[in-house]
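Colleague: Sharing upload-v5.cif, mmCIF, C-alpha atoms:
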```cif
data_start
loop_
_atom_site.group_PDB
_atom_site.id
_atom_site.type_symbol
_atom_site.label_atom_id
_atom_site.label_comp_id
_atom_site.auth_asym_id
_atom_site.auth_seq_id
_atom_site.Cartn_x
_atom_site.Cartn_y
_atom_site.Cartn_z
ATOM 1 C CA MET A 203 -38.276 64.894 22.279
ATOM 2 C CA LYS A 204 -41.011 63.155 24.225
ATOM 3 C CA GLU A 205 -41.977 61.129 21.139
ATOM 4 C CA LYS A 206 -38.367 59.858 20.775
ATOM 5 C CA THR A 207 -38.271 58.713 24.382
ATOM 6 C CA LYS A 208 -41.578 56.925 24.004
ATOM 7 C CA TRP A 209 -40.488 54.939 20.937
ATOM 8 C CA THR A 210 -37.105 54.010 22.354
ATOM 9 C CA ARG A 211 -38.798 52.752 25.519
ATOM 10 C CA ILE A 212 -41.158 50.582 23.470
ATOM 11 C CA ILE A 213 -38.238 49.230 21.404
ATOM 12 C CA TYR A 214 -36.354 48.487 24.640
ATOM 13 C CA ILE A 215 -39.277 46.560 26.142
ATOM 14 C CA ILE A 216 -39.879 44.581 22.939
ATOM 15 C CA GLY A 217 -36.175 43.692 22.842
ATOM 16 C CA VAL A 218 -36.168 42.445 26.429
ATOM 17 C CA VAL A 219 -39.324 40.381 25.874
ATOM 18 C CA ALA A 220 -37.876 38.890 22.675
ATOM 19 C CA LEU A 221 -34.678 37.896 24.499
ATOM 20 C CA ILE A 222 -36.689 36.105 27.157
ATOM 21 C CA ILE A 223 -39.263 34.430 24.887
ATOM 22 C CA GLY A 224 -36.588 33.269 22.445
ATOM 23 C CA ALA A 225 -34.899 31.322 25.232
ATOM 24 C CA ILE A 226 -37.858 28.915 25.429
ATOM 25 C CA ASP A 227 -36.429 27.103 22.405
ATOM 26 C CA PRO A 228 -32.849 28.287 21.843
ATOM 27 C CA LEU A 229 -32.548 26.811 18.337
ATOM 28 C CA GLU A 230 -35.760 28.064 16.713
ATOM 29 C CA GLY A 231 -35.847 31.055 19.041
ATOM 30 C CA SER A 232 -32.385 32.153 17.978
ATOM 31 C CA VAL A 233 -33.855 34.418 15.304
ATOM 32 C CA LEU A 234 -36.087 36.029 17.938
ATOM 33 C CA ILE A 235 -33.104 36.422 20.267
ATOM 34 C CA VAL A 236 -31.099 38.114 17.494
ATOM 35 C CA ALA A 237 -33.978 40.486 16.783
ATOM 36 C CA GLY A 238 -34.413 41.258 20.475
ATOM 37 C CA SER A 239 -30.721 41.853 20.919
ATOM 38 C CA VAL A 240 -30.625 44.213 17.947
ATOM 39 C CA LEU A 241 -33.633 46.151 19.273
ATOM 40 C CA LEU A 242 -32.071 46.356 22.716
ATOM 41 C CA ALA A 243 -28.776 47.619 21.322
ATOM 42 C CA LEU A 244 -30.585 50.114 19.094
ATOM 43 C CA SER A 245 -32.673 51.547 21.911
ATOM 44 C CA THR A 246 -29.711 51.918 24.254
ATOM 45 C CA TYR A 247 -27.718 53.562 21.457
ATOM 46 C CA LEU A 248 -30.478 56.036 20.631
ATOM 47 C CA THR A 249 -30.894 57.038 24.277
ATOM 48 C CA ARG A 250 -27.105 57.194 24.773
ATOM 49 C CA ASP A 251 -27.345 54.797 27.665
ATOM 50 C CA ARG A 252 -24.058 54.194 29.441
ATOM 51 C CA HIS A 253 -24.190 50.464 28.583
ATOM 52 C CA TRP A 254 -24.859 50.843 24.861
ATOM 53 C CA LYS A 255 -21.368 49.666 23.877
ATOM 54 C CA TYR A 256 -21.789 46.475 25.897
ATOM 55 C CA PHE A 257 -25.109 45.745 24.222
ATOM 56 C CA MET A 258 -23.582 46.356 20.775
ATOM 57 C CA ILE A 259 -20.716 43.927 21.492
ATOM 58 C CA LEU A 260 -23.120 41.329 22.888
ATOM 59 C CA THR A 261 -25.361 41.712 19.838
ATOM 60 C CA ALA A 262 -22.395 41.098 17.546
ATOM 61 C CA ALA A 263 -21.443 37.990 19.554
ATOM 62 C CA ILE A 264 -25.002 36.650 19.383
ATOM 63 C CA ILE A 265 -25.210 37.246 15.635
ATOM 64 C CA VAL A 266 -21.870 35.512 14.989
ATOM 65 C CA GLY A 267 -22.875 32.558 17.171
ATOM 66 C CA VAL A 268 -26.265 32.170 15.474
ATOM 67 C CA ILE A 269 -24.758 32.378 11.978
ATOM 68 C CA LEU A 270 -22.264 29.660 12.897
ATOM 69 C CA LEU A 271 -25.071 27.633 14.496
ATOM 70 C CA PHE A 272 -27.036 27.690 11.242
ATOM 71 C CA TYR A 273 -23.917 26.946 9.209
ATOM 72 C CA LEU A 274 -22.976 23.914 11.307
ATOM 73 C CA SER A 275 -26.578 22.772 11.191
ATOM 74 C CA SER A 276 -26.530 22.960 7.390
ATOM 75 C CA LEU A 277 -23.469 20.709 7.418
ATOM 76 C CA GLY A 278 -25.365 18.088 9.395
ATOM 77 C CA GLY A 279 -24.484 19.179 12.897
ATOM 78 C CA PHE A 280 -21.584 18.087 15.006
ATOM 79 C CA GLY A 281 -20.819 15.113 17.208
ATOM 80 C CA GLY A 282 -22.728 11.849 17.143
ATOM 81 C CA LYS A 283 -22.936 10.364 13.645
ATOM 82 C CA SER A 284 -21.927 13.533 11.776
ATOM 83 C CA ASP A 285 -18.545 14.083 10.171
ATOM 84 C CA LEU A 286 -17.691 16.980 12.515
ATOM 85 C CA SER A 287 -16.358 16.331 15.995
ATOM 86 C CA TRP A 288 -17.795 17.851 19.181
ATOM 87 C CA TRP A 289 -15.050 20.475 19.126
ATOM 88 C CA TRP A 290 -16.864 22.297 16.333
ATOM 89 C CA GLY A 291 -19.486 23.126 18.940
ATOM 90 C CA LEU A 292 -17.098 25.669 20.424
ATOM 91 C CA LEU A 293 -17.806 27.927 17.461
ATOM 92 C CA ILE A 294 -21.368 28.554 18.625
ATOM 93 C CA LEU A 295 -20.343 29.617 22.144
ATOM 94 C CA PRO A 296 -20.627 33.369 21.428
ATOM 95 C CA TYR A 297 -24.393 32.878 21.092
ATOM 96 C CA PRO A 298 -25.174 31.536 24.596
ATOM 97 C CA ILE A 299 -22.451 33.633 26.221
ATOM 98 C CA GLY A 300 -23.805 36.797 24.593
ATOM 99 C CA TRP A 301 -27.376 35.942 25.579
ATOM 100 C CA LEU A 302 -26.475 35.106 29.174
ATOM 101 C CA THR A 303 -24.345 38.226 29.569
ATOM 102 C CA SER A 304 -27.189 40.355 28.164
ATOM 103 C CA ILE A 305 -29.626 38.891 30.685
ATOM 104 C CA ILE A 306 -27.163 39.429 33.547
ATOM 105 C CA LEU A 307 -26.611 43.037 32.444
ATOM 106 C CA LEU A 308 -30.370 43.640 32.250
ATOM 107 C CA ILE A 309 -30.904 42.181 35.730
ATOM 108 C CA SER A 310 -28.090 44.234 37.246
ATOM 109 C CA ARG A 311 -29.477 47.404 35.609
ATOM 110 C CA ALA A 312 -32.947 46.666 36.994
ATOM 111 C CA ARG A 313 -31.583 46.040 40.481
ATOM 112 C CA LYS A 314 -29.622 49.305 40.440
ATOM 113 C CA LYS A 315 -32.689 51.246 39.270
ATOM 114 C CA SER A 316 -34.862 49.720 41.991
ATOM 115 C CA SER A 317 -32.294 50.428 44.706
ATOM 116 C CA ALA A 318 -31.863 53.987 43.442
ATOM 117 C CA ALA A 319 -35.627 54.557 43.609
ATOM 118 C CA LYS A 320 -35.760 53.668 47.305
#
```
Output the file's structure in the form of structure tokens.

Modeller:
Amino acid sequence: MKEKTKWTRIIYIIGVVALIIGAIDPLEGSVLIVAGSVLLALSTYLTRDRHWKYFMILTAAIIVGVILLFYLSSLGGFGGKSDLSWWWGLLILPYPIGWLTSIILLISRARKKSSAAK
């Protein structure tokens, strides 16, 4: 049982670091953010954390947003001189919303743990 806890903790930390590092360049880092989100959702699921469902939903939103980001990019992008209007950009909103909500959830969890330790 101790070995399971150790690996899930390492997966959790790698997921958090990947979410943060991927935000340096949101376009090229989107693959890193997807991987970090998946690892975070997996570790919270394996430990039966009370927020595991939220992380699973946020992971799905990030994956959908990144897939649509790559698809629109393959079409030449949107706005400017491309054939697609700026409104097509709304399709990629699940990606930043999912990332931001994940970060907010991680910060709130850390604050509650630190206040509980006092």

Colleague: How many Å separate CA of Lys283 (chain A) from CA of Gly224 (chain A)?

Modeller: 28.1 Å

Colleague: Smallest atom-to-atom distance to Ile294 (chain A): which of A:Val233, A:Leu277, A:Leu271, A:Ala312, using all atoms listed in the file?

Modeller: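 Of A:Val233, A:Leu277, A:Leu271, A:Ala312, the one nearest Ile294 (chain A) is A:Leu271, counting all atoms listed in the file.
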
Colleague: Closest to Glu230 (chain A) among A:Tyr247, A:Tyr214, A:Trp288, A:Phe272, using only C-alpha atoms?

Modeller: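 Selected residue with least distance to Glu230 (chain A): A:Phe272.
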
Colleague: Give as a list in words the residues that the PyMOL selection byres ((chain A and resi 228) around 12) matches when applied to the coordinates above.

Modeller: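 Here the PyMOL selection byres ((chain A and resi 228) around 12) matches Ala220, Leu221, Ile222, Ile223, Gly224, Ala225, Ile226, Asp227, Leu229, Glu230, Gly231, Ser232, Val233, Leu234, Ile235, Val236, Ile264, Gly267, Val268, Leu271, Ile294, Tyr297, Pro298, Trp301 and Leu302 of chain A.
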
Colleague: With distances taken over only C-alpha atoms, which residue among A:Trp290, A:Ser316, A:Asp285, A:Thr303 lies nearest Phe257 (chain A)?

Modeller: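 Looking only at the distances to Phe257 (chain A), the closest residue turns out to be A:Thr303.
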
Colleague: So how far away is CA of Thr210 (chain A) from CA of Ser245 (chain A), in Å?

Modeller: 5.1 Å

Colleague: Write out as AutoDock Vina command-line options an axis-aligned box for region 263-267 of chain A: all of its atoms listed in the file, 6 Å added on each side, centre and edge lengths in Å with one decimal.

Modeller:
```
--center_x -23.3 --center_y 35.3 --center_z 17.3 --size_x 15.8 --size_y 17.4 --size_z 16.6
```

Colleague: With all atoms listed in the file as the basis for distance, which of A:Val218, A:Ala263, A:Arg211, A:Gly282 is at the shortest distance from Leu248 (chain A)?

Modeller: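 Using all atoms listed in the file, Leu248 (chain A) sits closest to A:Arg211.
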
Colleague: To one decimal place, how far is CA of Leu244 (chain A) from CA of Ile269 (chain A) in Å?

Modeller: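 Answer for the CA of Leu244 (chain A) to CA of Ile269 (chain A) separation: 20.0 Å.
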
Colleague: Taking all atoms listed in the file into account, which of A:Thr249, A:Pro296, A:Gly278, A:Ser310 comes nearest Ile265 (chain A)?

Modeller: A:Pro296

Colleague: Could you write out as a count of residues only the residues that the PyMOL selection byres ((chain A and resi 242) around 9) matches in the shown file?

Modeller: 20

Colleague: Write out N, CA and C atoms for region 298-310 of chain A, as a PDB file, in the frame of the given file.

Modeller:
```pdb
ATOM      1  N   PRO A 298     -24.669  31.622  23.218  1.00  0.00           N
ATOM      2  CA  PRO A 298     -25.174  31.536  24.596  1.00  0.00           C
ATOM      3  C   PRO A 298     -24.455  32.472  25.567  1.00  0.00           C
ATOM      4  N   ILE A 299     -23.178  32.716  25.331  1.00  0.00           N
ATOM      5  CA  ILE A 299     -22.451  33.633  26.221  1.00  0.00           C
ATOM      6  C   ILE A 299     -22.991  35.051  26.065  1.00  0.00           C
ATOM      7  N   GLY A 300     -23.243  35.469  24.833  1.00  0.00           N
ATOM      8  CA  GLY A 300     -23.805  36.797  24.593  1.00  0.00           C
ATOM      9  C   GLY A 300     -25.193  36.939  25.175  1.00  0.00           C
ATOM     10  N   TRP A 301     -26.021  35.897  25.029  1.00  0.00           N
ATOM     11  CA  TRP A 301     -27.376  35.942  25.579  1.00  0.00           C
ATOM     12  C   TRP A 301     -27.336  36.014  27.103  1.00  0.00           C
ATOM     13  N   LEU A 302     -26.549  35.144  27.715  1.00  0.00           N
ATOM     14  CA  LEU A 302     -26.475  35.106  29.174  1.00  0.00           C
ATOM     15  C   LEU A 302     -25.923  36.409  29.742  1.00  0.00           C
ATOM     16  N   THR A 303     -24.913  36.965  29.113  1.00  0.00           N
ATOM     17  CA  THR A 303     -24.345  38.226  29.569  1.00  0.00           C
ATOM     18  C   THR A 303     -25.355  39.365  29.410  1.00  0.00           C
ATOM     19  N   SER A 304     -26.152  39.345  28.337  1.00  0.00           N
ATOM     20  CA  SER A 304     -27.189  40.355  28.164  1.00  0.00           C
ATOM     21  C   SER A 304     -28.227  40.274  29.278  1.00  0.00           C
ATOM     22  N   ILE A 305     -28.639  39.074  29.611  1.00  0.00           N
ATOM     23  CA  ILE A 305     -29.626  38.891  30.685  1.00  0.00           C
ATOM     24  C   ILE A 305     -29.053  39.349  32.020  1.00  0.00           C
ATOM     25  N   ILE A 306     -27.802  39.002  32.299  1.00  0.00           N
ATOM     26  CA  ILE A 306     -27.163  39.429  33.547  1.00  0.00           C
ATOM     27  C   ILE A 306     -27.059  40.948  33.601  1.00  0.00           C
ATOM     28  N   LEU A 307     -26.704  41.576  32.494  1.00  0.00           N
ATOM     29  CA  LEU A 307     -26.611  43.037  32.444  1.00  0.00           C
ATOM     30  C   LEU A 307     -27.980  43.680  32.645  1.00  0.00           C
ATOM     31  N   LEU A 308     -29.017  43.109  32.057  1.00  0.00           N
ATOM     32  CA  LEU A 308     -30.370  43.640  32.250  1.00  0.00           C
ATOM     33  C   LEU A 308     -30.826  43.511  33.703  1.00  0.00           C
ATOM     34  N   ILE A 309     -30.521  42.382  34.331  1.00  0.00           N
ATOM     35  CA  ILE A 309     -30.904  42.181  35.730  1.00  0.00           C
ATOM     36  C   ILE A 309     -30.148  43.147  36.637  1.00  0.00           C
ATOM     37  N   SER A 310     -28.861  43.317  36.401  1.00  0.00           N
ATOM     38  CA  SER A 310     -28.090  44.234  37.246  1.00  0.00           C
ATOM     39  C   SER A 310     -28.565  45.669  37.075  1.00  0.00           C
TER      40      SER A 310
END
```
